[in-house]
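This report refers to the structure that appears directly beneath it.
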Amino acid sequence: MSAEQRLTLRRRLFAFLVAGVGGTAAAAISFAMTVYEAANPKAVPLVAAGQPIDTGRWIITLHDARIGSTPPTGIKPSAPKKLLMVEFDLDNRSASTSNVFLRLFTIDPPVANLPPPTFYLARDKWIASGLHPDMPERMIAAWEWPSAVSVPRQLRLKITSQIYKSRDNLYGAPGWFDRDPVAIVALEVAPEAAGAVP
Amino acid sequence: MSSIVRSFVAVAITAAALYGLQHTTPGYGEITSPIAVAGKLGKRVAANAFTIGVANVHLARTVTTKRVGRTQTFTSSGVWVLVEGAAEARSESLTLMSAQWLGPNGVRYALSQRLSSVPGILPSERLEPGLPRPVLMAFEIPEGQVSGGTLLIARTAWSSLEEEVRIEMTDVRPDDIKPALVLARSEGAVPWTLRSE
């Protein structure tokens, strides 16, 4: 092996070493940051009722919670039911009509065997369909509460967020993607008014 | 020395070229977007699978529907846009499930589901080849999106590389908004009647 050949080999080895050490350091730092963030989760801010919350795709303002036996349609169900109803304003901030508000908020901590809520449009007193952009509406979410479980006096709702990606990581297609919760709202649950007229 | 300069220049040019390619490559949404078929208000537009023509556009603050035994008034924070037209399939029976109002700011308003059960509404009409049917479309849009809108009609809202008729809604102005419109069922050739109140 000539001296020149040996020099090229040493240079190559050096380049490989630098790249290897750099790559390993980057992977180690990234891993350590993920572990640290998972161990020290950021506290979700507590937002008061009546304050608008920007979730990315929606702006939601929660107003109040109450217990009732008549759904917002005003039609009394044939079998008596306990309904937990939450009133809120919802504004679609995306560029198209959407009805994906089902997973916008969840009860925290989760209640076992609780069916998902039904959403009503206050304007129609009927089941809500898609919400149009820039046209905020008053809505009511109604959970059919299981009779075996007592209703909490204070309802904690965890509001999730979504972000828009013009190119997702899989197809490069545009879409909305779930992100971490942005707020927790605690609402006092008003008991059912005695002798309330439906 | 010159070789180092040369390699730096080469790396810079490559980086610039890659940056340019990365930012001009059309996304998945763009390369699979619907194929536009342009049309005009008042004219029949022929796509490959269907033809559609828009005759009248009515604007109103409230819409009252009259059905047997039930009258219901629908209010809105914006404006009701009722579009009357006729549609026909060309080679096989189909249903046009999607109609959208594309506002001048690029926001898309889908058909209002609140009026989805009135007679003649587009997604409930099965179109047959050779049999033109009157169809009705109902939108709820903010007042600022009325003029300069475009009507987009397709078989479905999510299909990729399907045809989409785009009708420019010229001469639709917010000063024609009527306070109230009554939409009633009719037994004639057109299954609804519209009158202002």
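In the structure tokens, chains take the letters A, B, ... in the order shown, each chain's residues start at 1, and ligands count up from 1 in the order shown.
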Would you kindly report the residues of chain B within 8 Å of chain A, using only C-alpha atoms, as a count of residues only? 18
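Between A:Phe101 and the residues A:Trp58, A:Phe177, A:Trp143, A:Phe16, the shortest atom-to-atom distance, using only C-alpha atoms, involves A:Trp58.
Put simply, atom CA of B:Ser196 is 21.7 Å away from atom CA of B:Leu41.
Non-sequential neighbours of B:Lys43 (distance at most 10 Å, separation of 6 or more positions within a chain, only C-alpha atoms) are Ile52, Gly53, Val54, Ala55 and Ile167 of chain B.
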Residues from last step as file, C-alpha atoms, as a PDB file, in the first residue's frame:
```
ATOM      1  CA  ILE B  52     -76.808  19.895 -15.003  1.00  0.00           C
ATOM      2  CA  GLY B  53     -78.254  23.335 -15.519  1.00  0.00           C
ATOM      3  CA  VAL B  54     -78.912  26.018 -12.936  1.00  0.00           C
ATOM      4  CA  ALA B  55     -81.923  28.211 -13.676  1.00  0.00           C
ATOM      5  CA  ILE B 167     -70.708  27.079 -12.337  1.00  0.00           C
TER       6      ILE B 167
END
```
Please return as number ranges by chain: the residues of stretch 36-89 of chain B that backbone DSSP assigns to strand (DSSP E or B). B: 36-40, 44-46, 50-67, 70-74, 79-89
DSSP on the backbone, helix (DSSP H, G or I) only: what residues of stretch 2-196 of chain B does that give? Format it as a ChimeraX atom specification. /B:2-24,28-31,113-115,122-124,143-145,174-176
